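Data block for start-v6.cif (mmCIF, N, CA and C atoms and all ligand atoms):
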```
data_upload
loop_
_atom_site.label_atom_id
_atom_site.label_comp_id
_atom_site.auth_asym_id
_atom_site.auth_seq_id
_atom_site.Cartn_x
_atom_site.Cartn_y
_atom_site.Cartn_z
N MET A 6 20.58 -21.65 -17.36
CA MET A 6 19.27 -21.14 -17.82
C MET A 6 19.02 -19.79 -17.16
N PRO A 7 18.68 -18.78 -17.94
CA PRO A 7 18.37 -17.47 -17.33
C PRO A 7 17.19 -17.59 -16.39
N ASP A 8 17.26 -16.90 -15.24
CA ASP A 8 16.23 -17.17 -14.25
C ASP A 8 14.89 -16.54 -14.59
N HIS A 9 14.82 -15.69 -15.65
CA HIS A 9 13.50 -15.19 -16.02
C HIS A 9 12.72 -16.20 -16.85
N GLU A 10 13.32 -17.34 -17.13
CA GLU A 10 12.59 -18.35 -17.88
C GLU A 10 11.96 -19.40 -16.99
N PHE A 11 12.05 -19.22 -15.69
CA PHE A 11 11.39 -20.17 -14.81
C PHE A 11 9.89 -20.13 -15.05
N PRO A 12 9.25 -21.26 -15.06
CA PRO A 12 7.79 -21.25 -15.19
C PRO A 12 7.14 -20.54 -14.00
N ASP A 13 6.10 -19.84 -14.28
CA ASP A 13 5.36 -19.14 -13.22
C ASP A 13 4.36 -20.10 -12.64
N ASP A 14 4.69 -20.66 -11.47
CA ASP A 14 3.80 -21.67 -10.91
C ASP A 14 2.92 -21.10 -9.80
N LEU A 15 2.93 -19.78 -9.64
CA LEU A 15 2.07 -19.20 -8.61
C LEU A 15 0.68 -18.93 -9.15
N GLY A 16 0.59 -18.56 -10.42
CA GLY A 16 -0.70 -18.39 -11.06
C GLY A 16 -1.55 -17.30 -10.46
N ASP A 17 -0.91 -16.27 -9.88
CA ASP A 17 -1.72 -15.24 -9.22
C ASP A 17 -1.78 -13.94 -10.02
N GLY A 18 -1.28 -13.95 -11.24
CA GLY A 18 -1.46 -12.82 -12.14
C GLY A 18 -0.69 -11.59 -11.71
N PRO A 19 -1.11 -10.42 -12.23
CA PRO A 19 -0.35 -9.19 -11.97
C PRO A 19 -0.29 -8.85 -10.48
N ASN A 20 0.83 -8.31 -10.07
CA ASN A 20 1.04 -7.94 -8.68
C ASN A 20 1.80 -6.62 -8.69
N ASP A 21 1.07 -5.52 -8.81
CA ASP A 21 1.70 -4.20 -8.87
C ASP A 21 2.75 -4.12 -9.98
N GLY A 22 2.49 -4.78 -11.11
CA GLY A 22 3.45 -4.75 -12.19
C GLY A 22 4.66 -5.61 -11.95
N LEU A 23 4.57 -6.50 -10.97
CA LEU A 23 5.69 -7.38 -10.66
C LEU A 23 5.31 -8.82 -10.99
N ASP A 24 6.27 -9.52 -11.54
CA ASP A 24 6.14 -10.96 -11.64
C ASP A 24 6.88 -11.57 -10.46
N VAL A 25 6.17 -12.32 -9.65
CA VAL A 25 6.77 -12.96 -8.48
C VAL A 25 6.76 -14.45 -8.71
N ARG A 26 7.94 -15.02 -8.69
CA ARG A 26 8.05 -16.45 -8.99
C ARG A 26 8.79 -17.17 -7.88
N ARG A 27 8.42 -18.40 -7.68
CA ARG A 27 9.08 -19.22 -6.67
C ARG A 27 10.23 -19.95 -7.34
N VAL A 28 11.41 -19.84 -6.76
CA VAL A 28 12.58 -20.56 -7.26
C VAL A 28 12.76 -21.80 -6.40
N GLN A 29 12.71 -22.95 -7.04
CA GLN A 29 12.87 -24.21 -6.30
C GLN A 29 14.34 -24.41 -5.94
N PRO A 30 14.58 -25.17 -4.89
CA PRO A 30 15.99 -25.37 -4.47
C PRO A 30 16.88 -25.86 -5.60
N TYR A 31 16.38 -26.78 -6.42
CA TYR A 31 17.23 -27.30 -7.49
C TYR A 31 17.49 -26.25 -8.59
N GLU A 32 16.66 -25.18 -8.60
CA GLU A 32 16.87 -24.11 -9.59
C GLU A 32 17.82 -23.04 -9.09
N ALA A 33 18.08 -23.04 -7.78
CA ALA A 33 18.90 -21.98 -7.17
C ALA A 33 20.37 -22.38 -7.26
N THR A 34 20.97 -22.04 -8.37
CA THR A 34 22.34 -22.50 -8.62
C THR A 34 23.37 -21.42 -8.29
N LYS A 35 22.91 -20.24 -7.87
CA LYS A 35 23.82 -19.15 -7.53
C LYS A 35 23.37 -18.54 -6.21
N ALA A 36 24.31 -17.90 -5.53
CA ALA A 36 23.95 -17.14 -4.33
C ALA A 36 23.51 -15.74 -4.75
N TYR A 37 22.55 -15.20 -4.02
CA TYR A 37 22.05 -13.85 -4.26
C TYR A 37 22.01 -13.11 -2.93
N ARG A 38 21.84 -11.78 -3.01
CA ARG A 38 21.66 -11.01 -1.78
C ARG A 38 20.22 -10.53 -1.71
N CYS A 39 19.59 -10.81 -0.60
CA CYS A 39 18.18 -10.47 -0.40
C CYS A 39 18.06 -9.00 -0.01
N PRO A 40 17.24 -8.21 -0.74
CA PRO A 40 17.08 -6.80 -0.37
C PRO A 40 16.24 -6.61 0.89
N GLY A 41 15.56 -7.66 1.32
CA GLY A 41 14.73 -7.53 2.51
C GLY A 41 15.55 -7.49 3.80
N CYS A 42 16.62 -8.28 3.85
CA CYS A 42 17.42 -8.38 5.07
C CYS A 42 18.90 -8.14 4.80
N ASN A 43 19.25 -7.95 3.53
CA ASN A 43 20.64 -7.71 3.14
C ASN A 43 21.55 -8.88 3.49
N GLN A 44 20.97 -10.07 3.57
CA GLN A 44 21.77 -11.27 3.82
C GLN A 44 21.80 -12.11 2.56
N GLU A 45 22.77 -13.00 2.50
CA GLU A 45 22.91 -13.83 1.32
C GLU A 45 21.84 -14.93 1.29
N ILE A 46 21.37 -15.21 0.09
CA ILE A 46 20.54 -16.39 -0.16
C ILE A 46 21.48 -17.42 -0.78
N PRO A 47 21.83 -18.47 -0.06
CA PRO A 47 22.82 -19.41 -0.59
C PRO A 47 22.25 -20.23 -1.74
N ALA A 48 23.13 -20.67 -2.62
CA ALA A 48 22.72 -21.58 -3.68
C ALA A 48 22.08 -22.81 -3.05
N GLY A 49 21.04 -23.31 -3.69
CA GLY A 49 20.38 -24.51 -3.21
C GLY A 49 19.23 -24.25 -2.26
N LEU A 50 18.98 -22.97 -1.95
CA LEU A 50 17.87 -22.62 -1.07
C LEU A 50 16.72 -22.07 -1.92
N GLY A 51 15.55 -22.64 -1.75
CA GLY A 51 14.38 -22.13 -2.45
C GLY A 51 14.10 -20.71 -1.99
N HIS A 52 13.71 -19.83 -2.91
CA HIS A 52 13.45 -18.44 -2.56
C HIS A 52 12.49 -17.85 -3.59
N MET A 53 12.34 -16.51 -3.57
CA MET A 53 11.45 -15.84 -4.51
C MET A 53 12.27 -14.94 -5.42
N VAL A 54 11.83 -14.83 -6.67
CA VAL A 54 12.42 -13.84 -7.56
C VAL A 54 11.30 -12.89 -7.98
N VAL A 55 11.57 -11.60 -7.89
CA VAL A 55 10.58 -10.55 -8.16
C VAL A 55 11.07 -9.75 -9.35
N VAL A 56 10.29 -9.78 -10.44
CA VAL A 56 10.71 -9.17 -11.69
C VAL A 56 9.74 -8.06 -12.07
N PRO A 57 10.19 -6.79 -12.09
CA PRO A 57 9.31 -5.72 -12.59
C PRO A 57 9.02 -5.94 -14.07
N ARG A 58 7.75 -5.87 -14.44
CA ARG A 58 7.39 -6.14 -15.83
C ARG A 58 8.02 -5.14 -16.79
N ARG A 59 8.13 -3.88 -16.34
CA ARG A 59 8.65 -2.85 -17.24
C ARG A 59 10.18 -2.82 -17.28
N THR A 60 10.80 -3.27 -16.19
CA THR A 60 12.27 -3.24 -16.13
C THR A 60 12.77 -4.60 -15.61
N PRO A 61 12.61 -5.61 -16.45
CA PRO A 61 12.94 -6.97 -15.98
C PRO A 61 14.40 -7.15 -15.59
N ASP A 62 15.26 -6.26 -16.07
CA ASP A 62 16.66 -6.37 -15.64
C ASP A 62 16.84 -6.02 -14.17
N ASP A 63 15.83 -5.39 -13.56
CA ASP A 63 15.92 -5.00 -12.15
C ASP A 63 15.36 -6.08 -11.23
N ARG A 64 15.37 -7.31 -11.67
CA ARG A 64 14.81 -8.36 -10.81
C ARG A 64 15.63 -8.49 -9.53
N ARG A 65 14.91 -8.92 -8.49
CA ARG A 65 15.52 -9.09 -7.17
C ARG A 65 15.18 -10.48 -6.64
N HIS A 66 16.13 -11.04 -5.93
CA HIS A 66 15.91 -12.34 -5.29
C HIS A 66 15.72 -12.10 -3.80
N TRP A 67 14.66 -12.69 -3.26
CA TRP A 67 14.29 -12.50 -1.86
C TRP A 67 14.21 -13.85 -1.17
N HIS A 68 14.57 -13.87 0.13
CA HIS A 68 14.16 -15.01 0.94
C HIS A 68 12.63 -15.07 0.92
N THR A 69 12.10 -16.26 0.90
CA THR A 69 10.64 -16.39 0.87
C THR A 69 10.02 -15.66 2.07
N ALA A 70 10.58 -15.84 3.25
CA ALA A 70 10.01 -15.20 4.44
C ALA A 70 10.12 -13.68 4.36
N CYS A 71 11.23 -13.18 3.81
CA CYS A 71 11.40 -11.72 3.70
C CYS A 71 10.38 -11.14 2.72
N TRP A 72 10.14 -11.82 1.62
CA TRP A 72 9.17 -11.33 0.65
C TRP A 72 7.76 -11.34 1.24
N GLU A 73 7.45 -12.44 1.95
CA GLU A 73 6.11 -12.51 2.54
C GLU A 73 5.92 -11.40 3.57
N ARG A 74 6.98 -11.08 4.31
CA ARG A 74 6.89 -9.98 5.27
C ARG A 74 6.72 -8.65 4.54
N ALA A 75 7.46 -8.48 3.44
CA ALA A 75 7.36 -7.23 2.68
C ALA A 75 5.96 -7.09 2.09
N GLU A 76 5.40 -8.19 1.64
CA GLU A 76 4.04 -8.16 1.10
C GLU A 76 3.05 -7.75 2.18
N ARG A 77 3.23 -8.30 3.38
CA ARG A 77 2.32 -8.00 4.48
C ARG A 77 2.40 -6.54 4.89
N THR A 78 3.64 -6.03 4.97
CA THR A 78 3.83 -4.69 5.50
C THR A 78 3.77 -3.64 4.42
N GLY A 79 3.85 -4.06 3.15
CA GLY A 79 3.87 -3.09 2.06
C GLY A 79 5.21 -2.41 1.89
N VAL A 80 6.23 -2.86 2.62
CA VAL A 80 7.56 -2.28 2.52
C VAL A 80 8.39 -3.14 1.57
N ARG A 81 8.82 -2.53 0.50
CA ARG A 81 9.61 -3.28 -0.47
C ARG A 81 10.86 -2.49 -0.82
N PRO A 82 11.90 -2.66 -0.06
CA PRO A 82 13.14 -1.93 -0.38
C PRO A 82 13.61 -2.30 -1.79
N GLN A 83 14.13 -1.33 -2.48
CA GLN A 83 14.74 -1.59 -3.78
C GLN A 83 16.16 -1.99 -3.54
ZN ZN A 101 16.08 -11.94 3.40
#
```
Here is the file; what I need is its structure written in the form of structure tokens.
Amino acid sequence: MPDHEFPDDLGDGPNDGLDVRRVQPYEATKAYRCPGCNQEIPAGLGHMVVVPRRTPDDRRHWHTACWERAERTGVRPQ
């Protein structure tokens, strides 16, 4: 299943033109690299996926803690 079809269960609406979704552990079937820490997010680990509304192909997968830190600090590496 393409990961942009995950239901949006955060319900917090627009976020700087980003769709931020929580990926449940059972949905994480592939490993990704987190742009927040440049470390791997292993398959089976719940994390966040951040999808720009205008360029959805540029979605990024983040560790939940890394995304929360980026949200707090306003630093969002591409
Ligand atoms: Zn990370």
Restrict the calculation to only C-alpha atoms and all ligand atoms, then for each residue of chain A with any atom at most 6 Å from an atom of ligand ZN 101 (chain A) give the closest atom pair and their distance in Å to one decimal, rows by chain and rising residue number, as a Markdown table.
```
| residue | atom | partner | partner_atom | distance |
| --- | --- | --- | --- | --- |
| A:Cys39 | CA | A:ZN101 | ZN | 4.6 |
| A:Gly41 | CA | A:ZN101 | ZN | 4.7 |
| A:Cys42 | CA | A:ZN101 | ZN | 4.2 |
| A:Gln44 | CA | A:ZN101 | ZN | 5.7 |
| A:Trp67 | CA | A:ZN101 | ZN | 5.6 |
| A:His68 | CA | A:ZN101 | ZN | 4.4 |
| A:Cys71 | CA | A:ZN101 | ZN | 4.7 |
```
Neighbours of Ala36 (chain A) within 7 Å (all atoms listed in the file; same-chain residues fewer than 3 positions away dropped), as a ChimeraX atom specification? /A:33,45-49
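Here CA of Arg58 (chain A) is placed at a distance of 21.7 Å from CA of Thr78 (chain A).
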Report, in Å to a single decimal, how far apart CA of Val56 (chain A) and CA of Ala70 (chain A) are.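 Between CA of Ala70 (chain A) and CA of Val56 (chain A) the gap is 17.2 Å.
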Can you work out the spacing between atom N of Arg59 (chain A) and CA of Val28 (chain A) in Å, to one decimal?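 A separation of 19.5 Å between them.
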Using only N, CA and C atoms, collect all residues at a distance of at most 6.5 Å from (17.4, -5.7, -6.4) as written in the file, then present them as a list in words. Pro40, Asp63, Arg64, Arg65, His66 and Gln83 of chain A
